>>> print(open('upload.cif').read())   # mmCIF, N, CA and C atoms
data_final
#
loop_
_atom_site.group_PDB
_atom_site.id
_atom_site.type_symbol
_atom_site.label_atom_id
_atom_site.label_comp_id
_atom_site.auth_asym_id
_atom_site.auth_seq_id
_atom_site.Cartn_x
_atom_site.Cartn_y
_atom_site.Cartn_z
ATOM 1 N N MET A 14 4.395 23.464 -6.963
ATOM 2 C CA MET A 14 3.910 22.884 -5.727
ATOM 3 C C MET A 14 2.545 23.483 -5.411
ATOM 4 N N SER A 15 1.622 22.645 -4.973
ATOM 5 C CA SER A 15 0.272 23.114 -4.680
ATOM 6 C C SER A 15 0.181 23.596 -3.236
ATOM 7 N N ILE A 16 -0.986 24.078 -2.899
ATOM 8 C CA ILE A 16 -1.246 24.548 -1.544
ATOM 9 C C ILE A 16 -1.160 23.389 -0.559
ATOM 10 N N ASN A 17 -1.558 22.213 -0.998
ATOM 11 C CA ASN A 17 -1.570 21.046 -0.127
ATOM 12 C C ASN A 17 -0.398 20.123 -0.477
ATOM 13 N N PRO A 18 0.641 20.099 0.362
ATOM 14 C CA PRO A 18 1.803 19.250 0.059
ATOM 15 C C PRO A 18 1.465 17.761 0.063
ATOM 16 N N ARG A 19 0.431 17.353 0.807
ATOM 17 C CA ARG A 19 0.042 15.936 0.805
ATOM 18 C C ARG A 19 -0.521 15.547 -0.562
ATOM 19 N N ARG A 20 -1.202 16.485 -1.241
ATOM 20 C CA ARG A 20 -1.710 16.228 -2.598
ATOM 21 C C ARG A 20 -0.524 16.011 -3.539
ATOM 22 N N ASP A 21 0.507 16.838 -3.403
ATOM 23 C CA ASP A 21 1.723 16.669 -4.210
ATOM 24 C C ASP A 21 2.378 15.326 -3.916
ATOM 25 N N GLU A 22 2.368 14.933 -2.648
ATOM 26 C CA GLU A 22 2.943 13.647 -2.255
ATOM 27 C C GLU A 22 2.200 12.496 -2.939
ATOM 28 N N LEU A 23 0.865 12.556 -2.943
ATOM 29 C CA LEU A 23 0.085 11.497 -3.569
ATOM 30 C C LEU A 23 0.291 11.476 -5.085
ATOM 31 N N LYS A 24 0.390 12.641 -5.704
ATOM 32 C CA LYS A 24 0.662 12.700 -7.146
ATOM 33 C C LYS A 24 2.010 12.050 -7.458
ATOM 34 N N ALA A 25 3.010 12.307 -6.615
ATOM 35 C CA ALA A 25 4.334 11.712 -6.824
ATOM 36 C C ALA A 25 4.286 10.195 -6.666
ATOM 37 N N ILE A 26 3.534 9.708 -5.686
ATOM 38 C CA ILE A 26 3.382 8.260 -5.495
ATOM 39 C C ILE A 26 2.718 7.651 -6.725
ATOM 40 N N CYS A 27 1.664 8.288 -7.209
ATOM 41 C CA CYS A 27 0.935 7.778 -8.377
ATOM 42 C C CYS A 27 1.821 7.719 -9.617
ATOM 43 N N ALA A 28 2.754 8.643 -9.722
ATOM 44 C CA ALA A 28 3.656 8.659 -10.881
ATOM 45 C C ALA A 28 4.582 7.443 -10.900
ATOM 46 N N THR A 29 4.805 6.821 -9.744
ATOM 47 C CA THR A 29 5.689 5.663 -9.661
ATOM 48 C C THR A 29 4.958 4.332 -9.800
ATOM 49 N N LEU A 30 3.626 4.369 -9.862
ATOM 50 C CA LEU A 30 2.841 3.134 -9.935
ATOM 51 C C LEU A 30 3.020 2.469 -11.291
ATOM 52 N N PRO A 31 2.889 1.137 -11.323
ATOM 53 C CA PRO A 31 2.971 0.450 -12.612
ATOM 54 C C PRO A 31 1.772 0.810 -13.485
ATOM 55 N N GLN A 32 1.862 0.490 -14.753
ATOM 56 C CA GLN A 32 0.782 0.765 -15.705
ATOM 57 C C GLN A 32 -0.494 0.054 -15.258
ATOM 58 N N GLN A 33 -1.602 0.764 -15.322
ATOM 59 C CA GLN A 33 -2.886 0.194 -14.951
ATOM 60 C C GLN A 33 -3.328 -0.825 -15.989
ATOM 61 N N GLU A 34 -3.933 -1.916 -15.503
ATOM 62 C CA GLU A 34 -4.558 -2.863 -16.404
ATOM 63 C C GLU A 34 -5.967 -2.379 -16.682
ATOM 64 N N GLU A 35 -6.576 -2.859 -17.741
ATOM 65 C CA GLU A 35 -7.915 -2.401 -18.099
ATOM 66 C C GLU A 35 -8.887 -2.653 -16.955
ATOM 67 N N GLY A 36 -9.643 -1.615 -16.597
ATOM 68 C CA GLY A 36 -10.629 -1.722 -15.528
ATOM 69 C C GLY A 36 -10.062 -1.511 -14.133
ATOM 70 N N GLN A 37 -8.761 -1.333 -14.010
ATOM 71 C CA GLN A 37 -8.117 -1.152 -12.710
ATOM 72 C C GLN A 37 -7.994 0.337 -12.402
ATOM 73 N N THR A 38 -8.339 0.712 -11.168
ATOM 74 C CA THR A 38 -8.280 2.121 -10.785
ATOM 75 C C THR A 38 -6.940 2.447 -10.145
ATOM 76 N N VAL A 39 -6.644 3.720 -10.085
ATOM 77 C CA VAL A 39 -5.421 4.177 -9.414
ATOM 78 C C VAL A 39 -5.472 3.779 -7.939
ATOM 79 N N ASN A 40 -6.634 3.916 -7.310
ATOM 80 C CA ASN A 40 -6.740 3.541 -5.901
ATOM 81 C C ASN A 40 -6.476 2.054 -5.683
ATOM 82 N N GLU A 41 -6.900 1.213 -6.615
ATOM 83 C CA GLU A 41 -6.610 -0.219 -6.487
ATOM 84 C C GLU A 41 -5.104 -0.464 -6.534
ATOM 85 N N LEU A 42 -4.403 0.261 -7.383
ATOM 86 C CA LEU A 42 -2.943 0.143 -7.436
ATOM 87 C C LEU A 42 -2.307 0.647 -6.147
ATOM 88 N N LEU A 43 -2.836 1.747 -5.610
ATOM 89 C CA LEU A 43 -2.310 2.270 -4.346
ATOM 90 C C LEU A 43 -2.523 1.267 -3.212
ATOM 91 N N VAL A 44 -3.693 0.649 -3.159
ATOM 92 C CA VAL A 44 -3.979 -0.351 -2.117
ATOM 93 C C VAL A 44 -3.014 -1.532 -2.254
ATOM 94 N N LEU A 45 -2.744 -1.970 -3.475
ATOM 95 C CA LEU A 45 -1.775 -3.055 -3.687
ATOM 96 C C LEU A 45 -0.382 -2.646 -3.219
ATOM 97 N N MET A 46 0.010 -1.407 -3.514
ATOM 98 C CA MET A 46 1.314 -0.913 -3.081
ATOM 99 C C MET A 46 1.400 -0.886 -1.548
ATOM 100 N N TYR A 47 0.336 -0.393 -0.903
ATOM 101 C CA TYR A 47 0.319 -0.363 0.563
ATOM 102 C C TYR A 47 0.346 -1.784 1.137
ATOM 103 N N ALA A 48 -0.350 -2.728 0.482
ATOM 104 C CA ALA A 48 -0.365 -4.116 0.954
ATOM 105 C C ALA A 48 1.039 -4.722 0.917
ATOM 106 N N GLU A 49 1.815 -4.368 -0.102
ATOM 107 C CA GLU A 49 3.192 -4.857 -0.180
ATOM 108 C C GLU A 49 4.032 -4.362 0.989
ATOM 109 N N LYS A 50 3.628 -3.231 1.571
ATOM 110 C CA LYS A 50 4.332 -2.666 2.721
ATOM 111 C C LYS A 50 3.733 -3.147 4.044
ATOM 112 N N GLY A 51 2.749 -4.049 3.978
ATOM 113 C CA GLY A 51 2.151 -4.618 5.183
ATOM 114 C C GLY A 51 0.873 -3.939 5.646
ATOM 115 N N TYR A 52 0.380 -2.972 4.904
ATOM 116 C CA TYR A 52 -0.857 -2.272 5.268
ATOM 117 C C TYR A 52 -2.011 -2.889 4.486
ATOM 118 N N THR A 53 -2.752 -3.783 5.130
ATOM 119 C CA THR A 53 -3.779 -4.544 4.409
ATOM 120 C C THR A 53 -5.206 -4.235 4.834
ATOM 121 N N ASP A 54 -5.392 -3.579 5.961
ATOM 122 C CA ASP A 54 -6.743 -3.290 6.466
ATOM 123 C C ASP A 54 -6.886 -1.775 6.595
ATOM 124 N N LEU A 55 -7.196 -1.099 5.488
ATOM 125 C CA LEU A 55 -7.231 0.362 5.448
ATOM 126 C C LEU A 55 -8.644 0.881 5.677
ATOM 127 N N LYS A 56 -8.762 1.820 6.617
ATOM 128 C CA LYS A 56 -10.047 2.447 6.908
ATOM 129 C C LYS A 56 -9.809 3.889 7.330
ATOM 130 N N SER A 57 -10.846 4.697 7.222
ATOM 131 C CA SER A 57 -10.750 6.098 7.632
ATOM 132 C C SER A 57 -10.724 6.203 9.150
ATOM 133 N N LEU A 58 -10.304 7.357 9.627
ATOM 134 C CA LEU A 58 -10.288 7.617 11.071
ATOM 135 C C LEU A 58 -11.684 7.440 11.658
ATOM 136 N N ARG A 59 -12.681 7.970 10.985
ATOM 137 C CA ARG A 59 -14.065 7.865 11.469
ATOM 138 C C ARG A 59 -14.507 6.404 11.580
ATOM 139 N N THR A 60 -14.138 5.594 10.587
ATOM 140 C CA THR A 60 -14.517 4.179 10.622
ATOM 141 C C THR A 60 -13.819 3.460 11.764
ATOM 142 N N TRP A 61 -12.506 3.712 11.939
ATOM 143 C CA TRP A 61 -11.797 3.074 13.059
ATOM 144 C C TRP A 61 -12.429 3.480 14.388
ATOM 145 N N ASN A 62 -12.751 4.753 14.546
ATOM 146 C CA ASN A 62 -13.365 5.203 15.796
ATOM 147 C C ASN A 62 -14.711 4.527 16.029
ATOM 148 N N SER A 63 -15.509 4.370 14.974
ATOM 149 C CA SER A 63 -16.820 3.727 15.128
ATOM 150 C C SER A 63 -16.681 2.241 15.442
ATOM 151 N N GLU A 64 -15.537 1.654 15.106
ATOM 152 C CA GLU A 64 -15.276 0.249 15.410
ATOM 153 C C GLU A 64 -14.554 0.067 16.743
ATOM 154 N N GLY A 65 -14.441 1.157 17.517
ATOM 155 C CA GLY A 65 -13.851 1.057 18.840
ATOM 156 C C GLY A 65 -12.335 1.082 18.853
ATOM 157 N N ARG A 66 -11.736 1.706 17.867
ATOM 158 C CA ARG A 66 -10.284 1.806 17.809
ATOM 159 C C ARG A 66 -9.888 3.260 17.638
ATOM 160 N N VAL A 67 -8.691 3.601 18.106
ATOM 161 C CA VAL A 67 -8.145 4.952 17.938
ATOM 162 C C VAL A 67 -6.793 4.842 17.246
ATOM 163 N N VAL A 68 -6.465 5.846 16.459
ATOM 164 C CA VAL A 68 -5.176 5.876 15.774
ATOM 165 C C VAL A 68 -4.100 6.270 16.782
ATOM 166 N N LYS A 69 -2.984 5.570 16.751
ATOM 167 C CA LYS A 69 -1.874 5.850 17.655
ATOM 168 C C LYS A 69 -1.330 7.252 17.391
ATOM 169 N N LYS A 70 -0.950 7.917 18.456
ATOM 170 C CA LYS A 70 -0.387 9.261 18.332
ATOM 171 C C LYS A 70 0.869 9.225 17.466
ATOM 172 N N GLY A 71 0.954 10.172 16.531
ATOM 173 C CA GLY A 71 2.130 10.294 15.673
ATOM 174 C C GLY A 71 2.070 9.487 14.390
ATOM 175 N N GLU A 72 1.039 8.658 14.221
ATOM 176 C CA GLU A 72 0.933 7.875 12.989
ATOM 177 C C GLU A 72 0.583 8.780 11.819
ATOM 178 N N LYS A 73 1.149 8.498 10.672
ATOM 179 C CA LYS A 73 0.917 9.298 9.478
ATOM 180 C C LYS A 73 -0.098 8.566 8.594
ATOM 181 N N ALA A 74 -1.103 9.300 8.148
ATOM 182 C CA ALA A 74 -2.147 8.710 7.305
ATOM 183 C C ALA A 74 -1.576 8.285 5.963
ATOM 184 N N LEU A 75 -2.135 7.205 5.430
ATOM 185 C CA LEU A 75 -1.854 6.792 4.067
ATOM 186 C C LEU A 75 -2.852 7.516 3.174
ATOM 187 N N LEU A 76 -2.498 7.735 1.936
ATOM 188 C CA LEU A 76 -3.320 8.557 1.057
ATOM 189 C C LEU A 76 -3.950 7.753 -0.063
ATOM 190 N N LEU A 77 -5.212 8.024 -0.308
ATOM 191 C CA LEU A 77 -5.937 7.529 -1.471
ATOM 192 C C LEU A 77 -6.673 8.715 -2.070
ATOM 193 N N TRP A 78 -7.147 8.558 -3.295
ATOM 194 C CA TRP A 78 -7.987 9.593 -3.890
ATOM 195 C C TRP A 78 -9.415 9.354 -3.451
ATOM 196 N N GLY A 79 -10.101 10.426 -3.035
ATOM 197 C CA GLY A 79 -11.503 10.328 -2.646
ATOM 198 C C GLY A 79 -12.402 10.410 -3.864
ATOM 199 N N ARG A 80 -13.691 10.293 -3.608
ATOM 200 C CA ARG A 80 -14.669 10.437 -4.681
ATOM 201 C C ARG A 80 -14.669 11.874 -5.170
ATOM 202 N N PRO A 81 -14.883 12.078 -6.465
ATOM 203 C CA PRO A 81 -14.902 13.459 -6.967
ATOM 204 C C PRO A 81 -16.029 14.254 -6.319
ATOM 205 N N ASN A 82 -15.752 15.514 -6.043
ATOM 206 C CA ASN A 82 -16.759 16.380 -5.447
ATOM 207 C C ASN A 82 -17.882 16.626 -6.438
ATOM 208 N N GLN A 83 -19.102 16.590 -5.924
ATOM 209 C CA GLN A 83 -20.274 16.883 -6.740
ATOM 210 C C GLN A 83 -20.468 18.385 -6.808
ATOM 211 N N GLN A 84 -21.085 18.846 -7.886
ATOM 212 C CA GLN A 84 -21.372 20.267 -8.008
ATOM 213 C C GLN A 84 -22.422 20.620 -6.962
ATOM 214 N N ARG A 85 -22.185 21.663 -6.204
ATOM 215 C CA ARG A 85 -23.085 22.049 -5.113
ATOM 216 C C ARG A 85 -24.198 22.964 -5.602
ATOM 217 N N GLN A 86 -25.354 22.817 -4.981
ATOM 218 C CA GLN A 86 -26.503 23.666 -5.266
ATOM 219 C C GLN A 86 -26.249 25.043 -4.645
ATOM 220 N N PRO A 87 -26.498 26.122 -5.357
ATOM 221 C CA PRO A 87 -26.329 27.459 -4.771
ATOM 222 C C PRO A 87 -27.223 27.635 -3.542
ATOM 223 N N ALA A 88 -26.778 28.452 -2.593
ATOM 224 C CA ALA A 88 -27.501 28.664 -1.333
ATOM 225 C C ALA A 88 -28.878 29.275 -1.544
ATOM 226 N N ASP A 89 -29.069 30.005 -2.637
ATOM 227 C CA ASP A 89 -30.362 30.652 -2.856
ATOM 228 C C ASP A 89 -31.422 29.697 -3.401
ATOM 229 N N GLY A 90 -31.067 28.439 -3.606
ATOM 230 C CA GLY A 90 -32.019 27.437 -4.052
ATOM 231 C C GLY A 90 -32.161 27.333 -5.554
ATOM 232 N N SER A 91 -31.531 28.203 -6.312
ATOM 233 C CA SER A 91 -31.623 28.129 -7.765
ATOM 234 C C SER A 91 -30.817 26.941 -8.269
ATOM 235 N N ALA A 92 -31.157 26.477 -9.439
ATOM 236 C CA ALA A 92 -30.452 25.331 -10.009
ATOM 237 C C ALA A 92 -29.042 25.732 -10.421
ATOM 238 N N ALA A 93 -28.116 24.838 -10.210
ATOM 239 C CA ALA A 93 -26.730 25.100 -10.613
ATOM 240 C C ALA A 93 -26.623 24.989 -12.123
ATOM 241 N N ALA A 94 -25.787 25.802 -12.712
ATOM 242 C CA ALA A 94 -25.583 25.770 -14.151
ATOM 243 C C ALA A 94 -24.884 24.474 -14.530
ATOM 244 N N ALA A 95 -25.281 23.903 -15.641
ATOM 245 C CA ALA A 95 -24.648 22.670 -16.121
ATOM 246 C C ALA A 95 -23.220 22.985 -16.553
ATOM 247 N N PRO A 96 -22.262 22.117 -16.191
ATOM 248 C CA PRO A 96 -20.878 22.385 -16.589
ATOM 249 C C PRO A 96 -20.704 22.234 -18.090
ATOM 250 N N ALA A 97 -19.796 23.002 -18.633
ATOM 251 C CA ALA A 97 -19.467 22.877 -20.045
ATOM 252 C C ALA A 97 -18.806 21.523 -20.260
ATOM 253 N N PRO A 98 -18.932 20.922 -21.446
ATOM 254 C CA PRO A 98 -18.356 19.596 -21.684
ATOM 255 C C PRO A 98 -16.877 19.499 -21.335
ATOM 256 N N GLU A 99 -16.098 20.555 -21.632
ATOM 257 C CA GLU A 99 -14.667 20.493 -21.319
ATOM 258 C C GLU A 99 -14.417 20.573 -19.812
ATOM 259 N N ASP A 100 -15.324 21.222 -19.061
ATOM 260 C CA ASP A 100 -15.188 21.303 -17.607
ATOM 261 C C ASP A 100 -15.512 19.969 -16.946
ATOM 262 N N ASP A 101 -16.368 19.174 -17.587
ATOM 263 C CA ASP A 101 -16.785 17.907 -17.023
ATOM 264 C C ASP A 101 -15.595 16.971 -16.819
ATOM 265 N N GLU A 102 -14.558 17.106 -17.649
ATOM 266 C CA GLU A 102 -13.389 16.252 -17.540
ATOM 267 C C GLU A 102 -12.468 16.667 -16.396
ATOM 268 N N MET A 103 -12.585 17.890 -15.927
ATOM 269 C CA MET A 103 -11.724 18.396 -14.862
ATOM 270 C C MET A 103 -12.460 18.319 -13.523
ATOM 271 N N LYS A 104 -12.475 17.143 -12.933
ATOM 272 C CA LYS A 104 -13.121 16.944 -11.645
ATOM 273 C C LYS A 104 -12.073 17.086 -10.548
ATOM 274 N N PHE A 105 -12.528 17.528 -9.400
ATOM 275 C CA PHE A 105 -11.634 17.658 -8.256
ATOM 276 C C PHE A 105 -11.759 16.413 -7.404
ATOM 277 N N PHE A 106 -10.675 15.686 -7.241
ATOM 278 C CA PHE A 106 -10.646 14.502 -6.396
ATOM 279 C C PHE A 106 -9.977 14.869 -5.079
ATOM 280 N N PRO A 107 -10.728 14.865 -3.988
ATOM 281 C CA PRO A 107 -10.118 15.191 -2.694
ATOM 282 C C PRO A 107 -9.224 14.043 -2.216
ATOM 283 N N LEU A 108 -8.431 14.320 -1.220
ATOM 284 C CA LEU A 108 -7.603 13.287 -0.613
ATOM 285 C C LEU A 108 -8.443 12.501 0.388
ATOM 286 N N ALA A 109 -8.196 11.205 0.455
ATOM 287 C CA ALA A 109 -8.822 10.355 1.465
ATOM 288 C C ALA A 109 -7.688 9.866 2.370
ATOM 289 N N TYR A 110 -7.792 10.180 3.635
ATOM 290 C CA TYR A 110 -6.772 9.793 4.604
ATOM 291 C C TYR A 110 -7.217 8.494 5.269
ATOM 292 N N VAL A 111 -6.398 7.450 5.159
ATOM 293 C CA VAL A 111 -6.734 6.150 5.729
ATOM 294 C C VAL A 111 -5.590 5.659 6.607
ATOM 295 N N PHE A 112 -5.945 4.743 7.508
ATOM 296 C CA PHE A 112 -4.971 4.149 8.423
ATOM 297 C C PHE A 112 -5.147 2.641 8.399
ATOM 298 N N ASP A 113 -4.065 1.927 8.651
ATOM 299 C CA ASP A 113 -4.098 0.474 8.758
ATOM 300 C C ASP A 113 -4.351 0.096 10.207
ATOM 301 N N ILE A 114 -4.846 -1.097 10.414
ATOM 302 C CA ILE A 114 -5.120 -1.561 11.776
ATOM 303 C C ILE A 114 -3.858 -1.561 12.636
ATOM 304 N N THR A 115 -2.679 -1.742 12.012
ATOM 305 C CA THR A 115 -1.431 -1.732 12.782
ATOM 306 C C THR A 115 -1.121 -0.336 13.327
ATOM 307 N N GLN A 116 -1.805 0.684 12.814
ATOM 308 C CA GLN A 116 -1.615 2.054 13.273
ATOM 309 C C GLN A 116 -2.644 2.438 14.333
ATOM 310 N N THR A 117 -3.410 1.463 14.817
ATOM 311 C CA THR A 117 -4.472 1.743 15.781
ATOM 312 C C THR A 117 -4.315 0.931 17.044
ATOM 313 N N ASN A 118 -5.019 1.356 18.073
ATOM 314 C CA ASN A 118 -5.129 0.630 19.338
ATOM 315 C C ASN A 118 -6.600 0.559 19.718
ATOM 316 N N PRO A 119 -6.989 -0.432 20.544
ATOM 317 C CA PRO A 119 -8.374 -0.450 21.034
ATOM 318 C C PRO A 119 -8.618 0.781 21.915
ATOM 319 N N LYS A 120 -9.865 1.294 21.863
ATOM 320 C CA LYS A 120 -10.220 2.434 22.724
ATOM 321 C C LYS A 120 -10.254 1.982 24.167
ATOM 322 N N ASN A 121 -9.790 2.868 25.055
ATOM 323 C CA ASN A 121 -9.944 2.632 26.482
ATOM 324 C C ASN A 121 -11.241 3.285 26.909
ATOM 325 N N ASP A 122 -12.155 2.511 27.444
ATOM 326 C CA ASP A 122 -13.454 3.053 27.865
ATOM 327 C C ASP A 122 -13.455 3.405 29.348
ATOM 328 N N ASN A 123 -12.296 3.756 29.875
ATOM 329 C CA ASN A 123 -12.199 4.092 31.310
ATOM 330 C C ASN A 123 -12.793 5.437 31.577
#
>>> encode(input="upload.cif", output="structure tokens")
Amino acid sequence: MSINPRRDELKAICATLPQQEEGQTVNELLVLMYAEKGYTDLKSLRTWNSEGRVVKKGEKALLLWGRPNQQRQPADGSAAAAPAPEDDEMKFFPLAYVFDITQTNPKNDN
């Protein structure tokens, strides 16, 4: 078990997905799975807030894989060392937390 149980949860979900077709991403399969459950309009919390909606209290985020993290420039301004070829294959994909419109309400501007 990892430090982040939600990461373990997403790995377990991915293990149950059907075989990917050529050119199809894991996230596309996850979106299809969520659509079968009625979640068809998925957006991040920040996007919903910018569109004038808030996530309902107690709603649980749906999980997708985020974009892989880019190698960061050292604080001293020196160039970062190029990763070894075998390291290039081991990218860290953060979790992306998304919500469906059914999990939101319009903002009250009172």
>>> resolve_selection(input="upload.cif", expression="the PyMOL selection byres ((chain A and resi 67-78) around 8)", output="JSON, numbers by chain")
{"A": [19, 22, 23, 39, 40, 43, 44, 58, 61, 62, 63, 64, 65, 66, 79, 80, 81, 106, 107, 108, 109, 110, 111, 112, 113, 115, 116, 117, 118, 119, 120, 121]}
>>> atom_distance(input="upload.cif", atom1="atom CA of Asn17 of chain A", atom2="atom N of Met46 of chain A")
22.8 Å
>>> atom_distance(input="upload.cif", atom1="atom C of Glu49 of chain A", atom2="atom N of Asn82 of chain A")
28.9 Å
>>> atom_distance(input="upload.cif", atom1="atom C of Glu41 of chain A", atom2="atom N of Lys24 of chain A")
14.2 Å
>>> axis_aligned_box(input="upload.cif", around="segment 42-58 of chain A", padding_each_side="6 Å", output="JSON")
{"center_x": -3.7, "center_y": 1.4, "center_z": 2.1, "size_x": 28.0, "size_y": 24.5, "size_z": 31.1}
